[in-house]
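S.K.: Provided herewith: model_21.cif, mmCIF, C-alpha atoms.
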data_structure
#
loop_
_atom_site.group_PDB
_atom_site.id
_atom_site.type_symbol
_atom_site.label_atom_id
_atom_site.label_comp_id
_atom_site.auth_asym_id
_atom_site.auth_seq_id
_atom_site.Cartn_x
_atom_site.Cartn_y
_atom_site.Cartn_z
ATOM 1 C CA ARG D 11 36.083 -19.387 -71.514
ATOM 2 C CA PRO D 12 37.693 -22.857 -71.232
ATOM 3 C CA ASN D 13 39.476 -24.177 -74.319
ATOM 4 C CA GLN D 14 40.036 -27.768 -75.443
ATOM 5 C CA GLY D 15 43.191 -28.078 -73.371
ATOM 6 C CA ASP D 16 41.321 -26.980 -70.237
ATOM 7 C CA TRP D 17 38.638 -29.633 -70.763
ATOM 8 C CA LEU D 18 41.269 -32.329 -71.342
ATOM 9 C CA ARG D 19 42.903 -31.498 -68.021
ATOM 10 C CA VAL D 20 39.688 -31.797 -65.999
ATOM 11 C CA ARG D 21 39.893 -34.677 -63.520
ATOM 12 C CA VAL D 22 36.785 -36.331 -62.095
ATOM 13 C CA ARG D 23 37.209 -39.197 -59.651
ATOM 14 C CA SER D 24 35.292 -42.291 -60.745
ATOM 15 C CA SER D 25 32.699 -43.490 -58.242
ATOM 16 C CA GLY D 26 30.376 -46.442 -58.646
ATOM 17 C CA VAL D 27 29.819 -48.145 -62.001
ATOM 18 C CA TYR D 28 28.963 -46.188 -65.149
ATOM 19 C CA GLU D 29 28.225 -47.608 -68.579
ATOM 20 C CA GLU D 30 28.991 -45.791 -71.827
ATOM 21 C CA VAL D 31 27.941 -47.120 -75.234
ATOM 22 C CA LEU D 32 30.076 -46.053 -78.209
ATOM 23 C CA THR D 33 29.545 -46.874 -81.870
ATOM 24 C CA LEU D 34 32.734 -46.892 -83.932
ATOM 25 C CA ASP D 35 33.006 -48.173 -87.502
ATOM 26 C CA ASN D 36 29.551 -49.768 -87.150
ATOM 27 C CA ALA D 37 30.656 -51.711 -84.058
ATOM 28 C CA GLU D 38 29.003 -51.092 -80.706
ATOM 29 C CA PHE D 39 31.235 -50.996 -77.636
ATOM 30 C CA HIS D 40 29.908 -51.158 -74.080
ATOM 31 C CA ILE D 41 32.401 -49.572 -71.705
ATOM 32 C CA TRP D 42 32.031 -49.676 -67.914
ATOM 33 C CA ASP D 43 33.958 -47.050 -65.960
ATOM 34 C CA VAL D 44 34.593 -48.051 -62.348
ATOM 35 C CA GLY D 45 36.366 -46.487 -59.393
ATOM 36 C CA GLY D 46 39.662 -48.056 -58.320
ATOM 37 C CA GLN D 47 39.713 -46.685 -54.788
ATOM 38 C CA ARG D 48 39.467 -49.223 -51.976
ATOM 39 C CA ASN D 49 35.970 -48.187 -50.926
ATOM 40 C CA GLU D 50 34.768 -48.412 -54.556
ATOM 41 C CA ARG D 51 35.968 -51.931 -55.381
ATOM 42 C CA ARG D 52 33.282 -53.769 -53.446
ATOM 43 C CA LYS D 53 30.725 -52.235 -55.846
ATOM 44 C CA TRP D 54 32.126 -53.908 -58.946
ATOM 45 C CA PHE D 55 34.958 -56.356 -58.358
ATOM 46 C CA HIS D 56 32.820 -59.507 -58.523
ATOM 47 C CA ILE D 57 30.180 -58.542 -61.095
ATOM 48 C CA PHE D 58 32.150 -58.576 -64.359
ATOM 49 C CA ASP D 59 32.489 -62.209 -65.363
ATOM 50 C CA LYS D 60 31.838 -61.928 -69.102
ATOM 51 C CA VAL D 61 33.840 -58.901 -70.219
ATOM 52 C CA HIS D 62 35.942 -59.292 -73.357
ATOM 53 C CA VAL D 63 38.687 -56.875 -72.325
ATOM 54 C CA VAL D 64 39.782 -55.252 -69.054
ATOM 55 C CA MET D 65 41.301 -51.797 -69.555
ATOM 56 C CA PHE D 66 43.425 -51.027 -66.485
ATOM 57 C CA VAL D 67 44.653 -47.471 -65.954
ATOM 58 C CA ALA D 68 47.711 -46.926 -63.744
ATOM 59 C CA ALA D 69 49.042 -43.400 -63.219
ATOM 60 C CA ILE D 70 52.839 -43.590 -63.487
ATOM 61 C CA SER D 71 53.078 -40.056 -62.089
ATOM 62 C CA GLU D 72 51.837 -41.292 -58.705
ATOM 63 C CA TYR D 73 55.000 -43.177 -57.713
ATOM 64 C CA ASP D 74 55.624 -40.594 -54.969
ATOM 65 C CA GLN D 75 52.016 -40.089 -53.811
ATOM 66 C CA VAL D 76 49.870 -41.747 -51.147
ATOM 67 C CA LEU D 77 46.233 -42.812 -51.057
ATOM 68 C CA TYR D 78 43.715 -40.314 -49.808
ATOM 69 C CA GLU D 79 42.193 -43.088 -47.653
ATOM 70 C CA ASP D 80 45.557 -44.342 -46.306
ATOM 71 C CA MET D 81 48.433 -41.910 -45.889
ATOM 72 C CA ASN D 82 50.876 -44.806 -45.436
ATOM 73 C CA ALA D 83 50.075 -46.537 -48.736
ATOM 74 C CA ASN D 84 51.887 -45.604 -51.951
ATOM 75 C CA ARG D 85 49.484 -45.075 -54.850
ATOM 76 C CA PHE D 86 51.539 -46.894 -57.467
ATOM 77 C CA ILE D 87 52.165 -49.873 -55.192
ATOM 78 C CA GLU D 88 48.424 -49.979 -54.585
ATOM 79 C CA ALA D 89 47.880 -50.016 -58.358
ATOM 80 C CA ILE D 90 50.309 -52.940 -58.696
ATOM 81 C CA GLU D 91 48.490 -54.905 -56.000
ATOM 82 C CA LEU D 92 45.065 -54.231 -57.529
ATOM 83 C CA PHE D 93 46.303 -55.192 -60.991
ATOM 84 C CA ALA D 94 47.662 -58.446 -59.567
ATOM 85 C CA LYS D 95 44.259 -59.284 -58.065
ATOM 86 C CA MET D 96 42.489 -58.575 -61.324
ATOM 87 C CA VAL D 97 44.855 -60.333 -63.708
ATOM 88 C CA ARG D 98 44.792 -63.463 -61.512
ATOM 89 C CA ASN D 99 41.042 -63.380 -60.854
ATOM 90 C CA PRO D 100 39.263 -66.440 -62.328
ATOM 91 C CA SER D 101 36.434 -64.152 -63.486
ATOM 92 C CA PHE D 102 38.849 -62.582 -65.978
ATOM 93 C CA ARG D 103 40.528 -65.817 -67.042
ATOM 94 C CA ASN D 104 39.241 -65.494 -70.625
ATOM 95 C CA SER D 105 39.394 -61.700 -70.794
ATOM 96 C CA GLY D 106 42.041 -59.711 -72.606
ATOM 97 C CA PHE D 107 43.958 -57.042 -70.708
ATOM 98 C CA ILE D 108 45.020 -53.603 -71.908
ATOM 99 C CA LEU D 109 47.291 -51.680 -69.548
ATOM 100 C CA PHE D 110 47.456 -47.894 -69.717
ATOM 101 C CA LEU D 111 50.544 -46.319 -68.149
ATOM 102 C CA ASN D 112 48.760 -43.018 -67.818
ATOM 103 C CA LYS D 113 49.649 -39.417 -66.941
ATOM 104 C CA SER D 114 53.012 -39.691 -68.669
ATOM 105 C CA ASP D 115 53.066 -35.897 -69.039
ATOM 106 C CA LEU D 116 52.873 -35.387 -65.265
ATOM 107 C CA TYR D 117 55.476 -38.113 -64.735
ATOM 108 C CA ARG D 118 57.840 -36.354 -67.131
ATOM 109 C CA ALA D 119 57.327 -33.002 -65.430
ATOM 110 C CA LYS D 120 58.141 -34.263 -61.923
ATOM 111 C CA LEU D 121 60.937 -36.778 -62.600
ATOM 112 C CA ASN D 122 63.742 -34.212 -62.067
ATOM 113 C CA LYS D 123 62.119 -33.048 -58.838
ATOM 114 C CA SER D 124 61.085 -36.256 -57.122
ATOM 115 C CA PRO D 125 63.164 -39.463 -57.460
ATOM 116 C CA ILE D 126 61.545 -42.840 -58.113
ATOM 117 C CA ARG D 127 63.917 -44.681 -55.755
ATOM 118 C CA VAL D 128 64.236 -43.515 -52.161
ATOM 119 C CA VAL D 129 66.344 -45.320 -49.548
ATOM 120 C CA ASP D 130 65.976 -44.175 -45.929
ATOM 121 C CA ASP D 131 67.798 -46.551 -43.574
ATOM 122 C CA GLU D 132 66.795 -44.609 -40.461
ATOM 123 C CA HIS D 133 63.124 -44.533 -41.431
ATOM 124 C CA PRO D 134 62.480 -47.529 -43.738
ATOM 125 C CA GLU D 135 58.807 -46.613 -43.993
ATOM 126 C CA ASN D 136 59.895 -43.621 -46.088
ATOM 127 C CA SER D 137 61.775 -45.782 -48.596
ATOM 128 C CA ARG D 138 60.219 -46.680 -51.953
ATOM 129 C CA PHE D 139 61.083 -48.759 -55.010
ATOM 130 C CA VAL D 140 64.491 -49.730 -53.665
ATOM 131 C CA ASP D 141 64.817 -52.400 -56.376
ATOM 132 C CA PHE D 142 64.846 -49.779 -59.140
ATOM 133 C CA LYS D 143 68.286 -50.046 -60.773
ATOM 134 C CA GLY D 144 68.302 -46.699 -62.518
ATOM 135 C CA PRO D 145 69.734 -44.716 -64.113
ATOM 136 C CA TYR D 146 68.567 -42.186 -61.549
ATOM 137 C CA CYS D 147 67.536 -38.677 -62.532
ATOM 138 C CA PRO D 148 69.416 -35.999 -60.564
ATOM 139 C CA VAL D 149 67.256 -33.319 -58.972
ATOM 140 C CA GLY D 150 67.272 -30.301 -61.269
ATOM 141 C CA GLU D 151 68.425 -32.234 -64.354
ATOM 142 C CA THR D 152 67.386 -30.414 -67.539
ATOM 143 C CA ILE D 153 64.272 -31.916 -69.106
ATOM 144 C CA GLY D 154 65.211 -33.191 -72.543
ATOM 145 C CA SER D 155 68.900 -33.792 -71.805
ATOM 146 C CA LYS D 156 70.388 -37.144 -72.765
ATOM 147 C CA LEU D 157 70.619 -38.222 -69.128
ATOM 148 C CA PHE D 158 67.062 -37.105 -68.431
ATOM 149 C CA GLU D 159 65.694 -39.086 -71.385
ATOM 150 C CA GLU D 160 67.600 -42.199 -70.294
ATOM 151 C CA CYS D 161 66.204 -41.882 -66.779
ATOM 152 C CA HIS D 162 62.739 -41.139 -68.133
ATOM 153 C CA GLU D 163 62.651 -44.285 -70.270
ATOM 154 C CA ALA D 164 64.180 -46.428 -67.504
ATOM 155 C CA GLY D 165 61.484 -45.325 -65.075
ATOM 156 C CA ILE D 166 58.674 -46.167 -67.495
ATOM 157 C CA LYS D 167 60.232 -49.546 -68.268
ATOM 158 C CA TYR D 168 60.593 -50.303 -64.560
ATOM 159 C CA MET D 169 56.986 -49.432 -63.734
ATOM 160 C CA GLN D 170 55.657 -51.323 -66.736
ATOM 161 C CA GLU D 171 57.619 -54.430 -65.757
ATOM 162 C CA LYS D 172 56.402 -54.166 -62.149
ATOM 163 C CA LEU D 173 52.836 -54.352 -63.426
ATOM 164 C CA LEU D 174 53.303 -56.957 -66.160
ATOM 165 C CA SER D 175 55.170 -59.284 -63.804
ATOM 166 C CA GLN D 176 51.962 -59.725 -61.791
ATOM 167 C CA SER D 177 50.534 -62.039 -64.458
ATOM 168 C CA LYS D 178 51.363 -65.642 -63.572
ATOM 169 C CA ALA D 179 49.573 -67.398 -66.422
ATOM 170 C CA ASN D 180 51.466 -66.147 -69.484
ATOM 171 C CA LYS D 181 48.519 -63.872 -70.255
ATOM 172 C CA ILE D 182 49.086 -61.473 -73.144
ATOM 173 C CA ILE D 183 48.794 -57.917 -71.860
ATOM 174 C CA HIS D 184 48.878 -54.983 -74.260
ATOM 175 C CA ALA D 185 50.600 -51.998 -72.627
ATOM 176 C CA HIS D 186 50.444 -48.359 -73.777
ATOM 177 C CA VAL D 187 51.986 -45.160 -72.390
ATOM 178 C CA THR D 188 49.326 -42.451 -72.455
ATOM 179 C CA ASN D 189 48.317 -38.986 -71.394
ATOM 180 C CA ALA D 190 44.917 -37.445 -71.991
ATOM 181 C CA THR D 191 46.260 -34.172 -73.389
ATOM 182 C CA ASP D 192 48.048 -35.833 -76.334
ATOM 183 C CA THR D 193 45.042 -36.409 -78.579
ATOM 184 C CA GLN D 194 47.061 -38.002 -81.399
ATOM 185 C CA ASN D 195 48.514 -40.530 -78.960
ATOM 186 C CA VAL D 196 45.032 -41.277 -77.610
ATOM 187 C CA ASP D 197 43.721 -41.831 -81.149
ATOM 188 C CA ARG D 198 46.517 -44.297 -81.954
ATOM 189 C CA VAL D 199 46.078 -46.165 -78.702
ATOM 190 C CA PHE D 200 42.313 -46.401 -79.008
ATOM 191 C CA THR D 201 42.630 -47.748 -82.550
ATOM 192 C CA ALA D 202 44.902 -50.490 -81.212
ATOM 193 C CA CYS D 203 42.529 -51.177 -78.327
ATOM 194 C CA LYS D 204 39.557 -51.429 -80.667
ATOM 195 C CA ALA D 205 41.328 -54.175 -82.608
ATOM 196 C CA VAL D 206 42.046 -56.122 -79.398
ATOM 197 C CA ILE D 207 38.428 -55.799 -78.228
ATOM 198 C CA LEU D 208 37.070 -56.994 -81.571
ATOM 199 C CA GLN D 209 39.469 -59.945 -81.607
ATOM 200 C CA ARG D 210 38.342 -60.993 -78.140
ATOM 201 C CA ALA D 211 34.658 -60.549 -78.956
ATOM 202 C CA LEU D 212 34.957 -62.704 -82.089
ATOM 203 C CA ALA D 213 37.052 -65.311 -80.285
ATOM 204 C CA SER D 214 34.291 -65.679 -77.689
ATOM 205 C CA ILE D 215 31.976 -66.978 -80.425
ATOM 206 C CA GLY D 216 34.630 -69.060 -82.168
ATOM 207 C CA LEU D 217 35.591 -66.605 -84.924
ATOM 208 C CA LYS D 218 38.833 -64.879 -85.837
ATOM 209 C CA LEU D 219 39.478 -61.372 -87.132
#
If you took the structure in this file and wrote it as structure tokens, what would it be?
M.R.:
Amino acid sequence: RPNQGDWLRVRVRSSGVYEEVLTLDNAEFHIWDVGGQRNERRKWFHIFDKVHVVMFVAAISEYDQVLYEDMNANRFIEAIELFAKMVRNPSFRNSGFILFLNKSDLYRAKLNKSPIRVVDDEHPENSRFVDFKGPYCPVGETIGSKLFEECHEAGIKYMQEKLLSQSKANKIIHAHVTNATDTQNVDRVFTACKAVILQRALASIGLKL
């Protein structure tokens, strides 16, 4: 029989546009879950012109993975490019942005097996994130060692900065490192997100929290 941990690890690919309505502390939140894959974007990209907050989820564990629809496209680079389009889109000019650097548990588990930065002079198409300055995690480095933790934090900082640098209008973006299996972390993050959403909703009618 599946336990709570099993349910938390279930992954279902988002497809189309789905609305969820949550009531928290007597406040009603309408949340639309949309698919980020290329063939899904045409279904939603131009229909959200009055949202208070955009919650963008980027999997930091996917720095070494490719798209299922394009084997030559890096998943994290694709996330950066999509985030850039959204944060610069006039439809979201007045919307707040919350960035989730998600799947941090999977990122941590693979960092000593698969490097973030790869330089292949003979086959440049195999290179990735050549501007990452390190420190670099050696293959086989013990998880939890001082060097590992330094590399771990440097990688997160690098990926966060790659995403945040896409905003060209001094937009305030709230960033959080998350993973679905850490329920306490999710609770803290969602509490912070709720405050941002309420602030934006009140600001849209000329009030302040």
S.K.: For the file shown, report as a short mmCIF file (atom, residue, chain, number, x, y, z; two decimals) with C-alpha atoms, in the coordinates of the input the outcome of the PyMOL selection byres ((chain D and resi 193-202) around 12) at residue level.
M.R.:
data_model
loop_
_atom_site.label_atom_id
_atom_site.label_comp_id
_atom_site.auth_asym_id
_atom_site.auth_seq_id
_atom_site.Cartn_x
_atom_site.Cartn_y
_atom_site.Cartn_z
CA GLN D 14 40.04 -27.77 -75.44
CA GLY D 15 43.19 -28.08 -73.37
CA LEU D 18 41.27 -32.33 -71.34
CA ARG D 19 42.90 -31.50 -68.02
CA LEU D 34 32.73 -46.89 -83.93
CA ASP D 35 33.01 -48.17 -87.50
CA MET D 65 41.30 -51.80 -69.56
CA ILE D 108 45.02 -53.60 -71.91
CA LEU D 109 47.29 -51.68 -69.55
CA PHE D 110 47.46 -47.89 -69.72
CA LEU D 111 50.54 -46.32 -68.15
CA ASN D 112 48.76 -43.02 -67.82
CA LYS D 113 49.65 -39.42 -66.94
CA SER D 114 53.01 -39.69 -68.67
CA ASP D 115 53.07 -35.90 -69.04
CA HIS D 184 48.88 -54.98 -74.26
CA ALA D 185 50.60 -52.00 -72.63
CA HIS D 186 50.44 -48.36 -73.78
CA VAL D 187 51.99 -45.16 -72.39
CA THR D 188 49.33 -42.45 -72.46
CA ASN D 189 48.32 -38.99 -71.39
CA ALA D 190 44.92 -37.44 -71.99
CA THR D 191 46.26 -34.17 -73.39
CA ASP D 192 48.05 -35.83 -76.33
CA CYS D 203 42.53 -51.18 -78.33
CA LYS D 204 39.56 -51.43 -80.67
CA ALA D 205 41.33 -54.18 -82.61
CA VAL D 206 42.05 -56.12 -79.40
CA ILE D 207 38.43 -55.80 -78.23
CA LEU D 208 37.07 -56.99 -81.57
CA GLN D 209 39.47 -59.94 -81.61
#
S.K.: Just the number, please: distance in Å from CA of Glu159 in chain D to CA of Leu77 in chain D, one decimal.
M.R.: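 Result for CA of Glu159 in chain D versus CA of Leu77 in chain D: 28.4 Å, one decimal.
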S.K.: Please define a box with edges along x, y and z of the file around all atoms of range 102-109 of chain D given in the file, extend it by 4 Å on each side, and return its centre and edge lengths in Å to one decimal, as JSON.
M.R.:
{"center_x": 43.1, "center_y": -58.7, "center_z": -69.3, "size_x": 16.4, "size_y": 22.1, "size_z": 14.6}
S.K.: Name every residue that the PyMOL selection byres ((chain D and resi 147) around 6) selects in this structure, writing the answer as a PyMOL selection string with chains first and numbers rising.
M.R.: chain D and resi 122+146+148+161
S.K.: Under the rule that only C-alpha atoms are counted, which of D:Leu92, D:Val61, D:Ile183, D:Ile153 is the nearest residue to Gln170 in chain D?
M.R.: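 Smallest distance to Gln170 in chain D is found for D:Ile183.
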S.K.: Rounded to one decimal in Å, what is the spacing between CA of Phe93 in chain D and CA of Asp131 in chain D?
M.R.: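 Computing the Euclidean distance for CA of Phe93 in chain D and CA of Asp131 in chain D yields 29.0 Å.
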S.K.: Expanded to explicit residues, what is the PyMOL selection byres ((chain D and resi 141) around 10) for this file, as a PyMOL selection string?
M.R.: chain D and resi 127-129+138-140+142-144+168
S.K.: Keeping C-alpha atoms, export the residues of the selection given above as a PDB file, in the coordinates of the input.
M.R.:
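Writing done, so here's result-v6.pdb:
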ATOM      1  CA  ARG D 127      63.917 -44.681 -55.755  1.00  0.00           C
ATOM      2  CA  VAL D 128      64.236 -43.515 -52.161  1.00  0.00           C
ATOM      3  CA  VAL D 129      66.344 -45.320 -49.548  1.00  0.00           C
ATOM      4  CA  ARG D 138      60.219 -46.680 -51.953  1.00  0.00           C
ATOM      5  CA  PHE D 139      61.083 -48.759 -55.010  1.00  0.00           C
ATOM      6  CA  VAL D 140      64.491 -49.730 -53.665  1.00  0.00           C
ATOM      7  CA  PHE D 142      64.846 -49.779 -59.140  1.00  0.00           C
ATOM      8  CA  LYS D 143      68.286 -50.046 -60.773  1.00  0.00           C
ATOM      9  CA  GLY D 144      68.302 -46.699 -62.518  1.00  0.00           C
ATOM     10  CA  TYR D 168      60.593 -50.303 -64.560  1.00  0.00           C
TER      11      TYR D 168
END
S.K.: Separation of CA of Arg85 in chain D and CA of Ile70 in chain D, in Å?
M.R.: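 Between CA of Arg85 in chain D and CA of Ile70 in chain D the gap is 9.4 Å.
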S.K.: May I have the protein, DNA and RNA residues with an atom at most 8 Å from (46.8, -60.4, -63.2), counting only C-alpha atoms in the file's coordinates, returned as a list of chain:residue names?
M.R.: D:Phe93, D:Ala94, D:Lys95, D:Met96, D:Val97, D:Arg98, D:Asn99, D:Leu174, D:Gln176, D:Ser177, D:Lys178
S.K.: Can you pull out the residues contacting Pro145 in chain D? Cut-off 9 Å, using all atoms listed in the file, and skip same-chain residues under 6 positions away; I want them as a count of residues only.
M.R.: 6
S.K.: Find, counting only C-alpha atoms, the residue in D:Val64, D:Val27, D:Ile41, D:Val149 that gets nearest to Gly106 in chain D.
M.R.: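 The closest residue to Gly106 in chain D is D:Val64.
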S.K.: Considering all atoms listed in the file, state which residue in the set D:Lys120, D:Lys156, D:Lys181, D:Arg11 is at the smallest distance from Glu72 in chain D.
M.R.: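 Of all the options, D:Lys120 lies closest to Glu72 in chain D.
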